[in-house]
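Before any comments, here is the structure.
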Amino acid sequence: MSETNAAAEVAAPHRYTAALAADIEARWQDFWDANGTYDAPNPGGDLTGDADVVARPKKFVMDMFPYPSGAGLHVGHPLGYIATDVYARYHRMTGHNVLHTLGFDAFGLPAEQYAVQTGTHPRVSTEANIDNMRRQLRRLGLGHDQRRSFATIDPDYYKWTQWIFLRIFNSWYDPEADKARPIDTLAAQFASGERATPDGRPWDALTEAERADLLGEYRLAYASDAPVNWCPGLGTVLANEEVTADGRSERGNFPVFKAKLRQWNMRITAYADRLLDDLDALDWPEAIKLQQRNWIGRSEGARVDFPVQDHPDAKITVFTTRQDTLFGATYMVLAPEHDLVDSIVPAVWPEGTHDVWTGGHATPAAAVDAYRKQAAAKSDVERQAEAKDKTGVFTGAYAVNPVSGDRVPVFIADYVLMGYGTGAIMAVPAHDGRDFAFARAFELPMRCVVEPSDDRGTDPSTWDDAFGSYDAKIVNSAGEGVSLDGLGVTEAKARITEWLETRSIGEGTVNFRLRDWLFSRQRYWGEPFPIVYDEDGVAHALPESMLPLELPEVEDYSPRTFDPDDADTSPETPLSRNEEWVHVELDLGDGRGPRPFRRETNTMPNWAGSCWYELRYLDPHNSEQLVAPGTERYWMGPRDGQPHGGVDLYVGGAEHAVLHLLYARFWSKVLFDLGHVSSAEPFHKLYNQGMIQAYVYRDSRGIAVPAAEVEERDGAYWYEGEKVTRLLGKMGKSLKNAVTPDEICAEYGADTLRLYEMAMGPLDVSRPWDTRAVVGQYRLLQRLWRNVVDEATGEVPVVDAEPDEDTLRALHKAIDGVRQDMVGLRFNTAIAKITELNNHVTKVREVPRSIAERMVLLIAPLAPHIAEELWRKLGHDASVVHEPFPVADPAYVVDETVTCVVQVKGKVKARLEVAPSVSDEELEAQALGDPAVVAALNGAGIRKVIVRAPKLVNIVPA
Ligand code: ANZ
């Protein structure tokens with residue numbers, strides 16, 4: 001403490017200082033805990049409360065829960081948590097039953113890596129991190145219902161994650177009903193003959209394994225040999241996002257291979273249409289909706305079959321979104337991995353094969369083989385890059401364009417991906433940029449079939465690039481009983497699709513970019529799958545009574561590493577090393593008694609636990625059900641303006657635009673279809689907070705130096721005598737610029753930190769942290785305190801007098817504005833209004849009690865500790881948390897009026913009393929309608945009206 005502060009403390013022992021703030025804050029935090037101030041009652045169930053509160057409108061306010069990192073929180077992390085807390089507090093004060101809590105997303109790789117390095121069990125380090133975060137969060141005065149908090153690693157929680165997995169495993173998507181239904185209903189259809197088995201044999205004639213295989217084709221969670229990114233160097237499979245553009249692991253830089261491994265998948269593609277359609281009714285930022293739409297990637301087009309020459313049984317099916325350009329298809333391309341390639345490759349190059357088509361190889365087989373090896377080394381991202389130099393090789397085979405009858409050569413090229421559409425395309429070089437570049441490189445013919453709207457003419461050999469517009473007429477497209485000439489693109493698409501369909505050589509289809517969700521990880525620190533395999537390898541669900549299936553102890557958490565360059569190794573998961581756990585004899589309750597089984601040894605991906613946590617907040621201790629139906633309906637059910645139900649406000653970072661939010665929506669829909677919940681969407685309103693950025697200071701070598709030790713002199717920055725550069729960046733340990741909430745709380749108190757974070761700017765905009773600016777909010781609280789408390793005596797000198805008119809206006813305008821700002825999440829402007837009011841009150845000699853009290857209530861959601869303390873000092877016994885928020889008296893909210901002078905020909909004819917905010921148009925209309933003005937004009941027309949709102953209107957008659 002500085003000397004001047006110490007001196008002030010003697011003169012004013014009751015001043016609002018950091019020490020006093022610390023004392024107040026600790027006392028009220030204890031009070032809240034002891035009294036369960038933030039406990040939200042459920043209607044029934046074990047969290048029953050006041051019937052009166054349950055009768056109120058509800059608000060479910062939620063944050064994206066944190067991963068308990070060992071580094072703890074820096075001041076950037078709680079930005080969203082403070083915002084939701086303010087919002088939740090405001091709604092408690094406006095008559096809502098508010099559910100607000102926070103859990104922990106606690107499975108994940110960092111704890112596992114730490115375990116590999118140190119031998120500490122991930123649970124031990126994770127729980128220590130959670131304790132530390134809880135302490136940091138508690139210090140901020142966040143009003144969480146602590147009874148509802150949990151971590152995804154709690155067996156009581158992941159029991160239900162496993163339970164949901166089994167519901168998904170035991171379901172199929174029934175296209176007739178357009179929803180998920182229990183798999184038994186499908187088995188019943190096969191058994192009754194209503195649905196034929198693939199080879200027509202009766203269901204009874206199928207072996208158990210055959211039946212299991214068949215049902216597996218339909219289950220919403222299914223095992224398949226999926227091509228995955230296998231990284232022997234790390235001993236694990238990686239997600240696409242974890243692989244760099246040059247096909248190596250982001251972590252460790254090891255080579256990554258495409259390998260086929262037996263993996264669990266979730267059939268999210270069955271929900272593609274509903275995931276798209278239901279976005280419309282959600283109150284989400286448009287940018288996030290757009291990212292989801294692009295991720296799902298719905299394309300309307302057609303599948304078209306091309307016969308293969310000399311192979312009467314073979315046909316190449318392509319997916320195109322431009323079936324209207326079918327006459328312009330002059331060659332075809334298959335993905336190098338396409339199944340058909342081997343069967344159509346001839347022994348020798350056909351006569352007339354162009355030299356550039358062969359890649360210099362003696363036979364088509366040799367060319368294909370060499371090209372495949374080259375393509376396998378590239379990632380999908382690389383293959384999709386818009387590079388102009390297209391590579392590929394001729395297969396030696398020809399297909400036939402079904403409308404023009406032309407013979408078209410078939411290539412393989414890596415710009416066609418196996419995982420999209422049918423893995424084959426008809427190439428229309430005149431109208432597709434990639435095909436154009438390829439045709440140029442391989443000297444392939446081009447045919448213009450969409451008339452260019454610019455002046456380039458119809459000879460593509462003279463063009464610089466393809467003509468890709470939709471807004472044009474079809475030309476050159478008449479043949480074999482169909483003509484598209486003269487039609488627009490849309491009409492031509494419809495015409496050709498119909499033509500293809502009547503001949504059964506194609507059909508209109510919808511294609512999605514969305515892929516099924518790869519759900520297995522070769523890791524330790526995740527939820528074990530509640531699945532066992534019998535001796536035939538058939539997967540069985542564990543009965544519910546065996547849940548939770550807890551993670552076993554293992555000796556070694558590390559994935560086994562292999563020869564990093566050897567693709568032919570397969571992963572060995574940590575769980576597979578615990579033989580006793582893996583090989584078990586179980587009675588699954590299927591009437592067959594105890595049998596030997598082998599457990600699944602993969603674990604679920606980190607996303608699983610965050611796919612449904614909102615539901616468990618509702619009913620966290622329910623041991624019988626995921627959530628009691630009535631409780632779910634009360635908090636999450638559909639209502640006016642929220643047709644699919646969901647959380648009322650969900651706040652988190654925009655980086656979760658796709659995966660987490662899409663997966664959570666998918667699980668919601670499955671649970672909805674199966675009747676477990678009434679909400680088909682998890683989050684009705686989504687809001688993305690901005691990031692708190694921080695300055696990064698770097699020395700001449702580019703190395704970050706500790707930001708706290710940098711000095712500013714003469715507009716330059718110095719660290720240990722050396723000049724350093726300053727740039728705005730992320731806040732974090734690695735950039736040596738992290739500021740912790742603990743430091744700021746110690747220096748000013750949590751209320752100041754809360755106010756500062758909310759005052760920094762609009763919530764959705766990123767903003768730079770500036771420790772020196774924090775004191776501004778500290779001063780606001782000091783002034784507020786002084787307006788209520790005598791710093792010398794600690795007395796509360798408020799008077800029971802009526803406030804003056806000016807003060808009433810200032811108060812009610814603030815109330816009105818703050819109310820609107822609170823609902824609109826504009827906390828920065830709310831604070832500006834409170835500051836203005838507080839400054840006004842500072843000038844009032846004797847502060848009327850009614851003003852002091854309402855100021856305290858106004859600031860209570862933002863600075864809850866000081867508000868509680870002042871409220872108590874003002875003589876109230878109850879906590880301020882559930883006090884009604886002040887209501888503005890409209891009589892004081894309307895602006896004062898100003899006098900507007902109306903002149904005709906330069907002479908004052910009338911004076912109008914108008915609002916200062918009146919618009920030019922409104923003012924002009926009022927002036928022209930004024931009886932005195934009408935009389936002065938005396939029927940003369942008007943040449944010109946000059947309006948200077950709000951003070952002057954000058955009318956010039958004709
Ligand atoms: C002929 C054509 C003519 C095409 C034209 C485009 C323009 P979206 O909109 O993303 O769905 N395509 C189809 N499958 C492919 C694959 N596996 N790998 C690479 N490209 C593939 O794109 C659909 C279009 O992308 C399809 O329509 C096809 O090229 C190509 F003037 O067919 B089009």
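Chain labels follow the order of the structure tokens: the first chain is A, the next B, and so on; residue numbering restarts at 1 in every chain, and ligands are counted from 1 in their shown order.
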Open item on the list: Using DSSP assignments from the backbone, pull out every residue in stretch 776-916 of chain A that falls under alpha helix (DSSP H) and give it to me as an MDAnalysis selection string.
Closed with: chainID A and resid 776:788 805:823 827:842 849:859 864:873 890:893
Task: Test item: residues at most 8 Å from stretch 536-553 of chain A, only C-alpha atoms, excluding those fewer than 3 positions along its chain, as a ChimeraX atom specification - done: /A:155-156,158-160,162-163,166,169,209,212,527-533,575,578,581,588-589
Keeping N, CA, C and O atoms, export the residues of the selection given above as a PDB file, in the first residue's frame.
ATOM      1  N   PRO A 155     -18.108 -40.561 -12.537  1.00  0.00           N
ATOM      2  CA  PRO A 155     -18.820 -41.759 -13.021  1.00  0.00           C
ATOM      3  C   PRO A 155     -20.335 -41.586 -13.018  1.00  0.00           C
ATOM      4  O   PRO A 155     -21.013 -42.093 -13.910  1.00  0.00           O
ATOM      5  N   ASP A 156     -20.871 -40.805 -12.069  1.00  0.00           N
ATOM      6  CA  ASP A 156     -22.314 -40.553 -12.051  1.00  0.00           C
ATOM      7  C   ASP A 156     -22.766 -39.795 -13.284  1.00  0.00           C
ATOM      8  O   ASP A 156     -23.937 -39.838 -13.651  1.00  0.00           O
ATOM      9  N   TYR A 158     -20.776 -39.811 -16.379  1.00  0.00           N
ATOM     10  CA  TYR A 158     -20.515 -40.538 -17.628  1.00  0.00           C
ATOM     11  C   TYR A 158     -21.299 -41.837 -17.727  1.00  0.00           C
ATOM     12  O   TYR A 158     -21.416 -42.407 -18.794  1.00  0.00           O
ATOM     13  N   LYS A 159     -21.872 -42.256 -16.600  1.00  0.00           N
ATOM     14  CA  LYS A 159     -22.838 -43.350 -16.686  1.00  0.00           C
ATOM     15  C   LYS A 159     -23.899 -42.991 -17.732  1.00  0.00           C
ATOM     16  O   LYS A 159     -24.295 -43.811 -18.552  1.00  0.00           O
ATOM     17  N   TRP A 160     -24.337 -41.735 -17.709  1.00  0.00           N
ATOM     18  CA  TRP A 160     -25.417 -41.322 -18.613  1.00  0.00           C
ATOM     19  C   TRP A 160     -24.898 -41.011 -20.004  1.00  0.00           C
ATOM     20  O   TRP A 160     -25.633 -41.142 -20.974  1.00  0.00           O
ATOM     21  N   GLN A 162     -22.655 -42.882 -21.330  1.00  0.00           N
ATOM     22  CA  GLN A 162     -22.666 -44.255 -21.856  1.00  0.00           C
ATOM     23  C   GLN A 162     -24.092 -44.711 -22.171  1.00  0.00           C
ATOM     24  O   GLN A 162     -24.340 -45.382 -23.174  1.00  0.00           O
ATOM     25  N   TRP A 163     -24.994 -44.332 -21.310  1.00  0.00           N
ATOM     26  CA  TRP A 163     -26.399 -44.708 -21.504  1.00  0.00           C
ATOM     27  C   TRP A 163     -26.929 -44.119 -22.818  1.00  0.00           C
ATOM     28  O   TRP A 163     -27.595 -44.792 -23.593  1.00  0.00           O
ATOM     29  N   LEU A 166     -25.658 -45.989 -25.740  1.00  0.00           N
ATOM     30  CA  LEU A 166     -26.411 -47.231 -25.980  1.00  0.00           C
ATOM     31  C   LEU A 166     -27.762 -46.962 -26.633  1.00  0.00           C
ATOM     32  O   LEU A 166     -28.220 -47.750 -27.461  1.00  0.00           O
ATOM     33  N   PHE A 169     -26.834 -46.481 -30.172  1.00  0.00           N
ATOM     34  CA  PHE A 169     -26.471 -47.788 -30.732  1.00  0.00           C
ATOM     35  C   PHE A 169     -27.735 -48.600 -31.014  1.00  0.00           C
ATOM     36  O   PHE A 169     -27.829 -49.275 -32.041  1.00  0.00           O
ATOM     37  N   ALA A 209     -24.616 -63.769 -36.372  1.00  0.00           N
ATOM     38  CA  ALA A 209     -23.625 -62.799 -36.837  1.00  0.00           C
ATOM     39  C   ALA A 209     -24.136 -62.059 -38.074  1.00  0.00           C
ATOM     40  O   ALA A 209     -23.918 -60.855 -38.220  1.00  0.00           O
ATOM     41  N   ALA A 212     -26.611 -59.519 -36.971  1.00  0.00           N
ATOM     42  CA  ALA A 212     -25.926 -58.391 -36.330  1.00  0.00           C
ATOM     43  C   ALA A 212     -25.308 -57.478 -37.387  1.00  0.00           C
ATOM     44  O   ALA A 212     -25.401 -56.254 -37.290  1.00  0.00           O
ATOM     45  N   GLU A 527     -14.387 -41.674 -21.938  1.00  0.00           N
ATOM     46  CA  GLU A 527     -15.412 -42.609 -21.475  1.00  0.00           C
ATOM     47  C   GLU A 527     -15.213 -43.958 -22.157  1.00  0.00           C
ATOM     48  O   GLU A 527     -15.149 -44.022 -23.390  1.00  0.00           O
ATOM     49  N   PRO A 528     -15.154 -45.062 -21.376  1.00  0.00           N
ATOM     50  CA  PRO A 528     -15.110 -46.384 -22.019  1.00  0.00           C
ATOM     51  C   PRO A 528     -16.439 -46.662 -22.726  1.00  0.00           C
ATOM     52  O   PRO A 528     -17.485 -46.197 -22.286  1.00  0.00           O
ATOM     53  N   PHE A 529     -16.371 -47.392 -23.816  1.00  0.00           N
ATOM     54  CA  PHE A 529     -17.601 -47.786 -24.522  1.00  0.00           C
ATOM     55  C   PHE A 529     -18.302 -48.897 -23.748  1.00  0.00           C
ATOM     56  O   PHE A 529     -17.648 -49.872 -23.355  1.00  0.00           O
ATOM     57  N   PRO A 530     -19.597 -48.810 -23.558  1.00  0.00           N
ATOM     58  CA  PRO A 530     -20.320 -49.871 -22.850  1.00  0.00           C
ATOM     59  C   PRO A 530     -20.663 -51.019 -23.804  1.00  0.00           C
ATOM     60  O   PRO A 530     -21.818 -51.414 -23.943  1.00  0.00           O
ATOM     61  N   ILE A 531     -19.619 -51.514 -24.485  1.00  0.00           N
ATOM     62  CA  ILE A 531     -19.822 -52.516 -25.540  1.00  0.00           C
ATOM     63  C   ILE A 531     -18.870 -53.678 -25.277  1.00  0.00           C
ATOM     64  O   ILE A 531     -17.701 -53.465 -24.915  1.00  0.00           O
ATOM     65  N   VAL A 532     -19.394 -54.891 -25.458  1.00  0.00           N
ATOM     66  CA  VAL A 532     -18.517 -56.071 -25.408  1.00  0.00           C
ATOM     67  C   VAL A 532     -18.733 -56.897 -26.680  1.00  0.00           C
ATOM     68  O   VAL A 532     -19.796 -56.813 -27.294  1.00  0.00           O
ATOM     69  N   TYR A 533     -17.706 -57.661 -27.045  1.00  0.00           N
ATOM     70  CA  TYR A 533     -17.783 -58.514 -28.238  1.00  0.00           C
ATOM     71  C   TYR A 533     -17.804 -59.970 -27.813  1.00  0.00           C
ATOM     72  O   TYR A 533     -17.032 -60.374 -26.933  1.00  0.00           O
ATOM     73  N   LEU A 575      -6.183 -49.092 -22.828  1.00  0.00           N
ATOM     74  CA  LEU A 575      -7.118 -49.992 -22.145  1.00  0.00           C
ATOM     75  C   LEU A 575      -6.872 -51.458 -22.515  1.00  0.00           C
ATOM     76  O   LEU A 575      -7.149 -52.356 -21.723  1.00  0.00           O
ATOM     77  N   ASN A 578      -4.875 -53.900 -20.129  1.00  0.00           N
ATOM     78  CA  ASN A 578      -5.385 -54.438 -18.867  1.00  0.00           C
ATOM     79  C   ASN A 578      -6.210 -55.687 -19.174  1.00  0.00           C
ATOM     80  O   ASN A 578      -7.427 -55.654 -19.279  1.00  0.00           O
ATOM     81  N   TRP A 581      -9.323 -56.713 -17.335  1.00  0.00           N
ATOM     82  CA  TRP A 581     -10.497 -55.882 -17.578  1.00  0.00           C
ATOM     83  C   TRP A 581     -11.091 -56.208 -18.950  1.00  0.00           C
ATOM     84  O   TRP A 581     -12.305 -56.244 -19.124  1.00  0.00           O
ATOM     85  N   LEU A 588     -25.326 -61.124 -19.765  1.00  0.00           N
ATOM     86  CA  LEU A 588     -25.923 -59.891 -20.275  1.00  0.00           C
ATOM     87  C   LEU A 588     -27.431 -59.850 -20.067  1.00  0.00           C
ATOM     88  O   LEU A 588     -28.101 -58.926 -20.527  1.00  0.00           O
ATOM     89  N   GLY A 589     -27.946 -60.886 -19.432  1.00  0.00           N
ATOM     90  CA  GLY A 589     -29.378 -60.883 -19.163  1.00  0.00           C
ATOM     91  C   GLY A 589     -30.201 -61.217 -20.389  1.00  0.00           C
ATOM     92  O   GLY A 589     -31.380 -60.921 -20.454  1.00  0.00           O
TER      93      GLY A 589
END
- [ ] Give the strand (DSSP E or B) residues of stretch 221-304 of chain A, as DSSP finds them on the backbone, and put them as a PyMOL selection string.
- [x] chain A and resi 221-231+236-238+243+248-249+255+257-266+283+298-304
Now that the selection is made, can you save its residues with N, CA, C and O atoms as a tab-separated table (two decimals), in the first residue's frame?
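Saved to again28.tsv:
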chain	number	residue	atom	x	y	z
A	221	ALA	N	-25.25	-45.76	-34.16
A	221	ALA	CA	-23.83	-45.88	-33.78
A	221	ALA	C	-23.39	-47.23	-34.33
A	221	ALA	O	-24.00	-48.25	-34.02
A	222	TYR	N	-22.38	-47.24	-35.17
A	222	TYR	CA	-22.00	-48.48	-35.83
A	222	TYR	C	-20.49	-48.56	-35.96
A	222	TYR	O	-19.81	-47.53	-36.05
A	223	ALA	N	-19.99	-49.80	-35.96
A	223	ALA	CA	-18.56	-49.98	-36.16
A	223	ALA	C	-18.32	-50.22	-37.63
A	223	ALA	O	-19.09	-50.91	-38.30
A	224	SER	N	-17.27	-49.63	-38.17
A	224	SER	CA	-16.95	-49.89	-39.57
A	224	SER	C	-15.45	-49.76	-39.77
A	224	SER	O	-14.76	-49.16	-38.96
A	225	ASP	N	-15.01	-50.33	-40.87
A	225	ASP	CA	-13.60	-50.19	-41.21
A	225	ASP	C	-13.44	-48.88	-41.94
A	225	ASP	O	-13.51	-48.82	-43.16
A	226	ALA	N	-13.25	-47.85	-41.17
A	226	ALA	CA	-13.19	-46.53	-41.79
A	226	ALA	C	-11.76	-46.17	-42.12
A	226	ALA	O	-10.85	-46.50	-41.36
A	227	PRO	N	-11.57	-45.51	-43.26
A	227	PRO	CA	-10.22	-45.00	-43.50
A	227	PRO	C	-9.97	-43.85	-42.52
A	227	PRO	O	-10.76	-42.93	-42.42
A	228	VAL	N	-8.92	-43.98	-41.75
A	228	VAL	CA	-8.63	-42.97	-40.73
A	228	VAL	C	-7.20	-42.50	-40.89
A	228	VAL	O	-6.40	-43.08	-41.61
A	229	ASN	N	-6.90	-41.41	-40.18
A	229	ASN	CA	-5.54	-40.89	-40.17
A	229	ASN	C	-4.77	-41.61	-39.08
A	229	ASN	O	-4.90	-41.29	-37.90
A	230	TRP	N	-3.99	-42.58	-39.45
A	230	TRP	CA	-3.25	-43.39	-38.48
A	230	TRP	C	-1.82	-42.86	-38.40
A	230	TRP	O	-1.13	-42.74	-39.41
A	231	CYS	N	-1.42	-42.52	-37.18
A	231	CYS	CA	-0.10	-41.96	-36.97
A	231	CYS	C	0.72	-42.88	-36.09
A	231	CYS	O	0.60	-42.83	-34.86
A	236	THR	N	-1.55	-43.30	-32.39
A	236	THR	CA	-2.98	-43.02	-32.32
A	236	THR	C	-3.52	-42.57	-33.67
A	236	THR	O	-2.77	-42.24	-34.59
A	237	VAL	N	-4.84	-42.59	-33.73
A	237	VAL	CA	-5.55	-42.08	-34.89
A	237	VAL	C	-5.80	-40.60	-34.65
A	237	VAL	O	-6.01	-40.18	-33.52
A	238	LEU	N	-5.77	-39.81	-35.69
A	238	LEU	CA	-5.96	-38.36	-35.54
A	238	LEU	C	-7.19	-37.90	-36.30
A	238	LEU	O	-7.56	-38.49	-37.31
A	243	VAL	N	-4.23	-33.02	-38.52
A	243	VAL	CA	-3.25	-33.38	-39.55
A	243	VAL	C	-2.90	-32.13	-40.35
A	243	VAL	O	-3.79	-31.38	-40.75
A	248	ARG	N	1.22	-34.57	-42.06
A	248	ARG	CA	1.96	-34.99	-40.86
A	248	ARG	C	1.15	-34.59	-39.64
A	248	ARG	O	0.21	-33.82	-39.71
A	249	SER	N	1.55	-35.17	-38.49
A	249	SER	CA	0.80	-34.87	-37.27
A	249	SER	C	1.15	-33.47	-36.80
A	249	SER	O	2.31	-33.08	-36.82
A	255	PRO	N	4.77	-38.72	-39.77
A	255	PRO	CA	3.94	-39.00	-40.95
A	255	PRO	C	2.60	-39.62	-40.54
A	255	PRO	O	2.52	-40.36	-39.55
A	257	PHE	N	-0.74	-41.80	-42.05
A	257	PHE	CA	-1.16	-42.64	-43.17
A	257	PHE	C	-2.66	-42.83	-43.16
A	257	PHE	O	-3.28	-42.80	-42.10
A	258	LYS	N	-3.21	-43.05	-44.36
A	258	LYS	CA	-4.61	-43.45	-44.42
A	258	LYS	C	-4.63	-44.95	-44.19
A	258	LYS	O	-4.02	-45.71	-44.93
A	259	ALA	N	-5.31	-45.36	-43.11
A	259	ALA	CA	-5.39	-46.79	-42.84
A	259	ALA	C	-6.83	-47.14	-42.55
A	259	ALA	O	-7.60	-46.31	-42.09
A	260	LYS	N	-7.19	-48.37	-42.86
A	260	LYS	CA	-8.55	-48.79	-42.55
A	260	LYS	C	-8.54	-49.46	-41.19
A	260	LYS	O	-7.85	-50.47	-40.98
A	261	LEU	N	-9.28	-48.90	-40.23
A	261	LEU	CA	-9.34	-49.46	-38.89
A	261	LEU	C	-10.79	-49.62	-38.49
A	261	LEU	O	-11.64	-48.83	-38.91
A	262	ARG	N	-11.06	-50.61	-37.63
A	262	ARG	CA	-12.42	-50.80	-37.14
A	262	ARG	C	-12.70	-49.71	-36.09
A	262	ARG	O	-12.03	-49.65	-35.07
A	263	GLN	N	-13.64	-48.85	-36.38
A	263	GLN	CA	-13.90	-47.70	-35.54
A	263	GLN	C	-15.40	-47.52	-35.34
A	263	GLN	O	-16.17	-47.89	-36.22
A	264	TRP	N	-15.76	-46.89	-34.22
A	264	TRP	CA	-17.16	-46.52	-34.03
A	264	TRP	C	-17.47	-45.22	-34.74
A	264	TRP	O	-16.64	-44.32	-34.79
A	265	ASN	N	-18.64	-45.17	-35.32
A	265	ASN	CA	-19.10	-43.97	-36.01
A	265	ASN	C	-20.50	-43.63	-35.55
A	265	ASN	O	-21.26	-44.51	-35.15
A	266	MET	N	-20.84	-42.37	-35.67
A	266	MET	CA	-22.21	-41.92	-35.39
A	266	MET	C	-22.81	-41.48	-36.71
A	266	MET	O	-22.21	-40.67	-37.43
A	283	ASP	N	-32.07	-18.63	-32.48
A	283	ASP	CA	-31.60	-17.25	-32.34
A	283	ASP	C	-30.07	-17.29	-32.18
A	283	ASP	O	-29.54	-17.18	-31.08
A	298	ARG	N	-25.25	-28.88	-48.19
A	298	ARG	CA	-26.27	-29.54	-49.00
A	298	ARG	C	-26.14	-29.08	-50.45
A	298	ARG	O	-26.13	-27.89	-50.72
A	299	SER	N	-26.02	-30.03	-51.39
A	299	SER	CA	-25.98	-29.69	-52.81
A	299	SER	C	-27.07	-30.45	-53.54
A	299	SER	O	-27.15	-31.67	-53.44
A	300	GLU	N	-27.84	-29.72	-54.31
A	300	GLU	CA	-28.86	-30.39	-55.11
A	300	GLU	C	-28.29	-30.64	-56.50
A	300	GLU	O	-27.68	-29.75	-57.09
A	301	GLY	N	-28.46	-31.82	-57.00
A	301	GLY	CA	-27.92	-32.13	-58.32
A	301	GLY	C	-28.49	-33.44	-58.82
A	301	GLY	O	-29.66	-33.74	-58.57
A	302	ALA	N	-27.65	-34.19	-59.52
A	302	ALA	CA	-28.14	-35.46	-60.07
A	302	ALA	C	-27.02	-36.48	-60.10
A	302	ALA	O	-25.84	-36.13	-60.12
A	303	ARG	N	-27.43	-37.72	-60.06
A	303	ARG	CA	-26.50	-38.81	-60.37
A	303	ARG	C	-26.77	-39.23	-61.80
A	303	ARG	O	-27.92	-39.36	-62.20
A	304	VAL	N	-25.68	-39.43	-62.54
A	304	VAL	CA	-25.84	-39.82	-63.95
A	304	VAL	C	-24.92	-41.02	-64.21
A	304	VAL	O	-23.76	-41.02	-63.77
Counting only C-alpha atoms and all ligand atoms, which residues of chain A sit at most 6 Å from some atom of ligand 1, and what is each one's closest atom pair with its distance in Å to one decimal, listed by chain and rising residue number, as JSON lines?
{"residue": "A:Ser299", "atom": "CA", "partner": "ligand 1", "partner_atom_place_in_ligand_line": "11 (O)", "distance": 4.7}
{"residue": "A:Phe319", "atom": "CA", "partner": "ligand 1", "partner_atom_place_in_ligand_line": "13 (C)", "distance": 5.1}
{"residue": "A:Thr320", "atom": "CA", "partner": "ligand 1", "partner_atom_place_in_ligand_line": "27 (O)", "distance": 3.4}
{"residue": "A:Thr321", "atom": "CA", "partner": "ligand 1", "partner_atom_place_in_ligand_line": "27 (O)", "distance": 4.1}
{"residue": "A:Arg322", "atom": "CA", "partner": "ligand 1", "partner_atom_place_in_ligand_line": "2 (C)", "distance": 4.7}
{"residue": "A:Thr325", "atom": "CA", "partner": "ligand 1", "partner_atom_place_in_ligand_line": "3 (C)", "distance": 5.9}
{"residue": "A:Tyr415", "atom": "CA", "partner": "ligand 1", "partner_atom_place_in_ligand_line": "19 (C)", "distance": 5.7}
{"residue": "A:Val416", "atom": "CA", "partner": "ligand 1", "partner_atom_place_in_ligand_line": "18 (N)", "distance": 3.4}
{"residue": "A:Leu417", "atom": "CA", "partner": "ligand 1", "partner_atom_place_in_ligand_line": "18 (N)", "distance": 4.1}
{"residue": "A:Met418", "atom": "CA", "partner": "ligand 1", "partner_atom_place_in_ligand_line": "17 (N)", "distance": 5.4}
{"residue": "A:Tyr420", "atom": "CA", "partner": "ligand 1", "partner_atom_place_in_ligand_line": "17 (N)", "distance": 4.1}
{"residue": "A:Gly421", "atom": "CA", "partner": "ligand 1", "partner_atom_place_in_ligand_line": "14 (N)", "distance": 4.7}
{"residue": "A:Thr422", "atom": "CA", "partner": "ligand 1", "partner_atom_place_in_ligand_line": "17 (N)", "distance": 6.0}
{"residue": "A:Gly423", "atom": "CA", "partner": "ligand 1", "partner_atom_place_in_ligand_line": "17 (N)", "distance": 3.9}
{"residue": "A:Ala424", "atom": "CA", "partner": "ligand 1", "partner_atom_place_in_ligand_line": "17 (N)", "distance": 5.6}
{"residue": "A:Ile425", "atom": "CA", "partner": "ligand 1", "partner_atom_place_in_ligand_line": "13 (C)", "distance": 5.4}
{"residue": "A:Met426", "atom": "CA", "partner": "ligand 1", "partner_atom_place_in_ligand_line": "1 (C)", "distance": 5.4}
{"residue": "A:Ala427", "atom": "CA", "partner": "ligand 1", "partner_atom_place_in_ligand_line": "1 (C)", "distance": 5.6}
{"residue": "A:Val428", "atom": "CA", "partner": "ligand 1", "partner_atom_place_in_ligand_line": "3 (C)", "distance": 5.0}
{"residue": "A:His431", "atom": "CA", "partner": "ligand 1", "partner_atom_place_in_ligand_line": "31 (F)", "distance": 3.9}
{"residue": "A:Asp432", "atom": "CA", "partner": "ligand 1", "partner_atom_place_in_ligand_line": "31 (F)", "distance": 4.3}
{"residue": "A:Gly468", "atom": "CA", "partner": "ligand 1", "partner_atom_place_in_ligand_line": "31 (F)", "distance": 5.9}
- [ ] In Å, rounded to a single decimal, give me how far atom CA of A:Glu896 is from atom CA of A:Arg849.
- [x]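 Going from atom CA of A:Arg849 over to atom CA of A:Glu896, I get 24.8 Å.
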Task: Using only C-alpha atoms: which of A:Gln146, A:Ser919, A:Asn511, A:Asn401 has the shortest distance to A:Gly419 - done: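 Smallest separation from A:Gly419 among the options: A:Asn511.
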TODO: Identify which of the residues A:Asp566, A:Glu501, A:Glu600, A:Glu580 lies closest to A:Gln522, counting only C-alpha atoms when measuring atom-to-atom distances.
DONE: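 Once distances to A:Gln522 are computed over only C-alpha atoms, the minimum belongs to A:Glu600.
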